[in-house]
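As provided, input-v6.cif (mmCIF, C-alpha atoms and all ligand atoms) reads as follows.
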data_work
#
loop_
_atom_site.label_atom_id
_atom_site.label_comp_id
_atom_site.auth_asym_id
_atom_site.auth_seq_id
_atom_site.Cartn_x
_atom_site.Cartn_y
_atom_site.Cartn_z
CA MET Y 1 30.95 -23.60 163.07
CA ASP Y 2 33.74 -21.56 161.48
CA LYS Y 3 33.13 -18.31 159.64
CA HIS Y 4 35.34 -17.08 156.85
CA TYR Y 5 37.40 -13.96 157.40
CA PRO Y 6 36.51 -10.61 155.82
CA ASN Y 7 37.52 -10.15 152.18
CA PHE Y 8 40.19 -7.55 152.98
CA ALA Y 9 41.83 -9.98 155.40
CA PHE Y 10 41.84 -12.74 152.78
CA LYS Y 11 43.31 -10.36 150.19
CA SER Y 12 46.05 -9.20 152.59
CA MET Y 13 46.87 -12.81 153.42
CA SER Y 14 47.08 -13.68 149.71
CA PHE Y 15 49.53 -10.82 149.17
CA ILE Y 16 51.68 -11.91 152.11
CA PHE Y 17 51.66 -15.50 150.82
CA LYS Y 18 52.98 -14.31 147.44
CA LEU Y 19 56.05 -12.99 149.28
CA ARG Y 20 56.22 -16.09 151.49
CA ASP Y 21 56.25 -18.32 148.40
CA LEU Y 22 59.14 -16.34 146.90
CA PHE Y 23 61.27 -16.99 149.98
CA ILE Y 24 60.20 -20.59 150.54
CA PRO Y 25 58.70 -22.07 147.37
CA PRO Y 26 55.78 -24.44 148.08
CA GLU Y 27 57.51 -27.05 145.88
CA GLU Y 28 60.38 -27.17 148.39
CA ILE Y 29 58.03 -27.82 151.29
CA LEU Y 30 56.16 -30.51 149.36
CA LYS Y 31 59.48 -32.35 148.83
CA GLU Y 32 59.17 -33.39 152.49
CA ILE Y 33 56.11 -35.44 151.59
CA GLU Y 34 56.22 -38.37 149.23
CA ILE Y 35 53.76 -37.14 146.64
CA LYS Y 36 53.83 -39.34 143.54
CA GLN Y 37 52.46 -39.07 140.02
CA GLY Y 38 48.85 -40.15 139.89
CA TYR Y 39 48.17 -39.39 143.57
CA LYS Y 40 44.85 -37.94 144.71
CA ILE Y 41 45.51 -35.07 147.11
CA LEU Y 42 43.19 -33.08 149.33
CA ASP Y 43 44.42 -29.55 150.11
CA TYR Y 44 42.04 -28.62 152.92
CA GLY Y 45 42.12 -24.89 153.67
CA CYS Y 46 43.85 -24.26 150.35
CA GLY Y 47 43.67 -20.44 150.63
CA PRO Y 48 44.93 -18.80 147.43
CA GLY Y 49 46.22 -22.18 146.25
CA SER Y 50 50.02 -22.09 146.59
CA PHE Y 51 50.21 -25.76 147.56
CA THR Y 52 47.32 -26.79 145.32
CA LEU Y 53 49.16 -25.67 142.20
CA ALA Y 54 52.54 -26.99 143.32
CA ALA Y 55 51.01 -30.41 144.09
CA ALA Y 56 49.12 -30.44 140.77
CA LYS Y 57 52.44 -30.28 138.91
CA ILE Y 58 53.77 -33.28 140.84
CA VAL Y 59 50.75 -35.60 140.48
CA GLY Y 60 50.44 -34.83 136.77
CA SER Y 61 47.51 -35.56 134.48
CA THR Y 62 46.75 -38.94 136.08
CA GLY Y 63 46.42 -37.44 139.54
CA LYS Y 64 43.99 -35.00 141.08
CA ILE Y 65 44.02 -32.19 143.63
CA HIS Y 66 40.85 -31.38 145.55
CA ALA Y 67 41.27 -27.83 146.85
CA ALA Y 68 38.83 -27.08 149.68
CA ASP Y 69 38.24 -23.83 151.52
CA ILE Y 70 35.51 -22.04 153.43
CA HIS Y 71 36.26 -18.69 151.76
CA PRO Y 72 34.54 -17.85 148.45
CA LEU Y 73 37.57 -15.75 147.47
CA ALA Y 74 39.87 -18.77 147.89
CA ILE Y 75 37.70 -20.78 145.52
CA LYS Y 76 37.56 -17.87 143.07
CA LYS Y 77 41.31 -17.35 143.22
CA VAL Y 78 42.17 -21.02 142.72
CA ARG Y 79 39.70 -21.30 139.82
CA LYS Y 80 41.25 -18.23 138.20
CA LYS Y 81 44.73 -19.73 138.46
CA VAL Y 82 43.45 -23.06 137.15
CA ALA Y 83 41.87 -21.36 134.13
CA ARG Y 84 44.94 -19.22 133.45
CA LYS Y 85 47.34 -22.18 133.41
CA ASP Y 86 44.77 -24.62 132.05
CA TYR Y 87 45.17 -27.17 134.84
CA LYS Y 88 42.91 -30.16 134.24
CA ASN Y 89 43.63 -31.94 137.52
CA ILE Y 90 42.35 -29.45 140.11
CA GLU Y 91 38.84 -29.33 141.53
CA THR Y 92 37.59 -26.84 144.10
CA ILE Y 93 35.23 -27.48 147.01
CA GLN Y 94 33.71 -24.70 149.07
CA THR Y 95 33.07 -26.06 152.55
CA SER Y 96 33.51 -25.46 156.26
CA CYS Y 97 33.81 -29.19 157.02
CA GLU Y 98 32.10 -31.80 154.81
CA ILE Y 99 34.29 -32.65 151.84
CA GLY Y 100 31.84 -34.67 149.78
CA LEU Y 101 34.45 -37.10 148.47
CA ASP Y 102 34.20 -40.89 148.64
CA ASP Y 103 35.49 -42.81 151.66
CA GLU Y 104 39.13 -43.88 151.37
CA SER Y 105 39.71 -42.10 148.06
CA ILE Y 106 42.62 -39.76 148.91
CA ASP Y 107 46.34 -40.60 149.13
CA ILE Y 108 47.54 -37.49 150.96
CA ALA Y 109 45.64 -34.77 152.78
CA LEU Y 110 47.24 -31.41 153.51
CA LEU Y 111 46.19 -29.30 156.49
CA PHE Y 112 48.63 -26.46 155.97
CA ASP Y 113 48.53 -23.42 158.23
CA ILE Y 114 44.91 -24.01 159.21
CA LEU Y 115 44.84 -25.96 162.50
CA HIS Y 116 44.98 -22.81 164.63
CA GLU Y 117 41.93 -21.38 162.84
CA LEU Y 118 39.56 -24.27 163.41
CA SER Y 119 36.95 -23.93 166.14
CA GLU Y 120 36.22 -27.66 165.99
CA PRO Y 121 39.38 -29.26 164.56
CA GLU Y 122 38.23 -32.76 165.52
CA ARG Y 123 35.27 -32.52 163.09
CA ILE Y 124 37.51 -31.66 160.17
CA ILE Y 125 40.18 -34.19 161.17
CA LYS Y 126 37.44 -36.87 161.34
CA GLU Y 127 36.25 -35.93 157.86
CA VAL Y 128 39.83 -36.02 156.54
CA HIS Y 129 40.26 -39.45 158.15
CA ARG Y 130 37.13 -40.68 156.36
CA VAL Y 131 38.34 -39.69 152.88
CA LEU Y 132 41.94 -40.90 153.33
CA LYS Y 133 42.91 -44.31 152.04
CA LYS Y 134 44.01 -46.86 154.65
CA GLU Y 135 47.66 -46.20 153.80
CA GLY Y 136 46.96 -42.49 153.29
CA LYS Y 137 48.92 -39.77 155.07
CA LEU Y 138 47.94 -36.51 156.69
CA SER Y 139 50.52 -33.75 156.35
CA VAL Y 140 50.26 -30.71 158.59
CA THR Y 141 52.13 -27.44 158.92
CA ILE Y 142 51.73 -25.82 162.31
CA HIS Y 143 51.67 -22.03 162.66
CA HIS Y 144 50.67 -19.54 165.36
CA ILE Y 145 50.49 -22.27 168.02
CA LYS Y 146 53.21 -24.33 169.69
CA GLU Y 147 54.35 -27.32 167.67
CA HIS Y 148 53.47 -29.84 170.40
CA LYS Y 149 50.00 -28.29 170.67
CA GLY Y 150 49.42 -28.78 166.93
CA VAL Y 151 50.51 -32.42 167.16
CA GLU Y 152 48.27 -32.89 170.19
CA ILE Y 153 45.23 -31.45 168.35
CA VAL Y 154 45.65 -34.11 165.66
CA GLU Y 155 46.58 -37.05 167.89
CA ARG Y 156 43.96 -36.50 170.59
CA THR Y 157 41.28 -37.43 168.06
CA GLY Y 158 42.70 -40.97 168.20
CA LEU Y 159 42.54 -41.05 164.40
CA PHE Y 160 46.17 -40.28 163.49
CA LYS Y 161 49.64 -40.96 164.85
CA LEU Y 162 52.68 -38.80 164.14
CA GLU Y 163 55.01 -40.70 161.82
CA ASN Y 164 57.54 -38.19 160.57
CA LYS Y 165 58.64 -34.69 161.38
CA GLY Y 166 60.24 -32.69 158.58
CA LYS Y 167 61.64 -29.16 158.68
CA LYS Y 168 58.24 -27.65 157.93
CA THR Y 169 55.76 -30.52 157.99
CA HIS Y 170 54.45 -33.14 160.36
CA THR Y 171 53.22 -36.30 158.68
CA PHE Y 172 50.69 -38.52 160.39
CA LYS Y 173 49.62 -42.04 159.54
CA LYS Y 174 45.99 -43.02 159.63
CA ILE Y 175 44.88 -45.24 162.49
CA THR Y 176 42.51 -47.82 161.05
CA GLN Y 177 41.79 -50.04 164.09
CA LEU Y 178 39.30 -47.80 165.85
C1 LIG Y 201 46.24 -19.28 156.78
S1 LIG Y 201 45.34 -19.85 155.38
C2 LIG Y 201 46.42 -21.11 154.72
C3 LIG Y 201 46.22 -21.33 153.25
C4 LIG Y 201 47.09 -22.42 152.61
N1 LIG Y 201 46.87 -23.70 153.25
C5 LIG Y 201 48.54 -22.06 152.65
O1 LIG Y 201 49.24 -22.52 153.58
O2 LIG Y 201 49.00 -21.30 151.79
C6 LIG Y 201 44.03 -20.81 156.09
C7 LIG Y 201 42.92 -21.11 155.13
O3 LIG Y 201 42.00 -21.98 155.79
C8 LIG Y 201 40.68 -21.58 155.45
N2 LIG Y 201 39.76 -22.10 156.49
C9 LIG Y 201 39.63 -21.68 157.77
N3 LIG Y 201 38.69 -22.41 158.40
C10 LIG Y 201 38.20 -23.29 157.51
C11 LIG Y 201 37.22 -24.31 157.55
N4 LIG Y 201 36.51 -24.59 158.66
N5 LIG Y 201 36.98 -25.04 156.45
C12 LIG Y 201 37.66 -24.78 155.30
N6 LIG Y 201 38.61 -23.84 155.20
C13 LIG Y 201 38.89 -23.09 156.27
C14 LIG Y 201 40.75 -20.07 155.36
O4 LIG Y 201 39.68 -19.53 154.58
C15 LIG Y 201 42.13 -19.87 154.73
O5 LIG Y 201 42.04 -19.78 153.33
#
Would you mind writing the file out in structure tokens?
Ligand SMILES: C[S@@+](CC[C@H](N)C(=O)[O-])C[C@H]1O[C@@H](n2cnc3c(N)ncnc32)[C@H](O)[C@@H]1O
Amino acid sequence: MDKHYPNFAFKSMSFIFKLRDLFIPPEEILKEIEIKQGYKILDYGCGPGSFTLAAAKIVGSTGKIHAADIHPLAIKKVRKKVARKDYKNIETIQTSCEIGLDDESIDIALLFDILHELSEPERIIKEVHRVLKKEGKLSVTIHHIKEHKGVEIVERTGLFKLENKGKKTHTFKKITQL
């Protein structure tokens, strides 16, 4: 079972991500994935919400972003941003694994910069597989571990197959014949 990091570590990370987002805007990275208006997106391990907010602009008022994180400060931060900009299409979920969404209800799931932190990645990948629609995609960014290792973590579950490699993202299709 994962534990969230100390508050100071989360706050430092949030500050660093502000700078990161100035150099490489989240919107640019999301262009690698075919997010459409009206899509339902899961941003699992949303952190301070850089990709949550960027995706919310793309899916528009008919879509929805479910922003999930283990850290109470992530949930607080995303909610604060949602309130400030009056986003109506973002919901937060505080969790270390179970997402609580319906089966096959999500078009695209993001696992961005989180794989390396998971003590039991297969549990979370299984839960993501459950909520993704049959044609749904899993998009992953791999950090702090070798790229092939990140791909292997996802594929060894037998639930996803790498479909496309972008500059920053790896997109996997859902395997439905289990
Ligand atoms: C390095 S941050 C990445 C944040 C965001 N995805 C981004 O790229 O800007 C990883 C996030 O995953 C969260 N996290 C780690 N383990 C988790 C778990 N088991 N369940 C949910 N969230 C988790 C952390 O709290 C942290 O906010």
Neighbourhood of ligand LIG 201 (chain Y) at 6 Å, counting all atoms listed in the file, reported as a PyMOL selection string:
chain Y and resi 2+4+45-47+50+69-71+74+95-97+112-114+117-118
Residues near Glu163 in chain Y, anyone? I mean within 10 Å using only C-alpha atoms, not counting same-chain ones fewer than 4 positions away, as a PyMOL selection string.
chain Y and resi 137-139+170-174
Name all residues at most 12 Å from His148 in chain Y (count all atoms listed in the file; drop same-chain ones fewer than 6 positions away) and give them as a PyMOL selection string.
chain Y and resi 141-142+154-156+162+165+170
Record the distance separating CA of Arg130 in chain Y and CA of Tyr39 in chain Y, expressed in Å with one decimal.
16.9 Å
Expected answer as a PyMOL selection string: all residues with atoms within 12 Å of (38.0, -39.1, 151.3), all atoms listed in the file
chain Y and resi 40-44+65-66+98-109+124-134+136-138
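Taking CA of Phe10 in chain Y and CA of Pro48 in chain Y as endpoints, the distance between them is 8.7 Å.
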Can you tell me how far CA of Thr52 in chain Y sits from CA of Ala67 in chain Y, in Å to one decimal?
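It comes out at 6.3 Å.
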Lys18 in chain Y surroundings by all atoms listed in the file, 12 Å radius, close-in-sequence under 5 positions cut, as a VMD selection string
chain Y and resid 11 to 13 23 to 26 47 to 51
Which one is closest to Gln37 in chain Y: Y:Ala56, Y:Met1, Y:Leu22, Y:Ile145? Count all atoms listed in the file.
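Checking each candidate against Gln37 in chain Y, we get Y:Ala56 as the closest.
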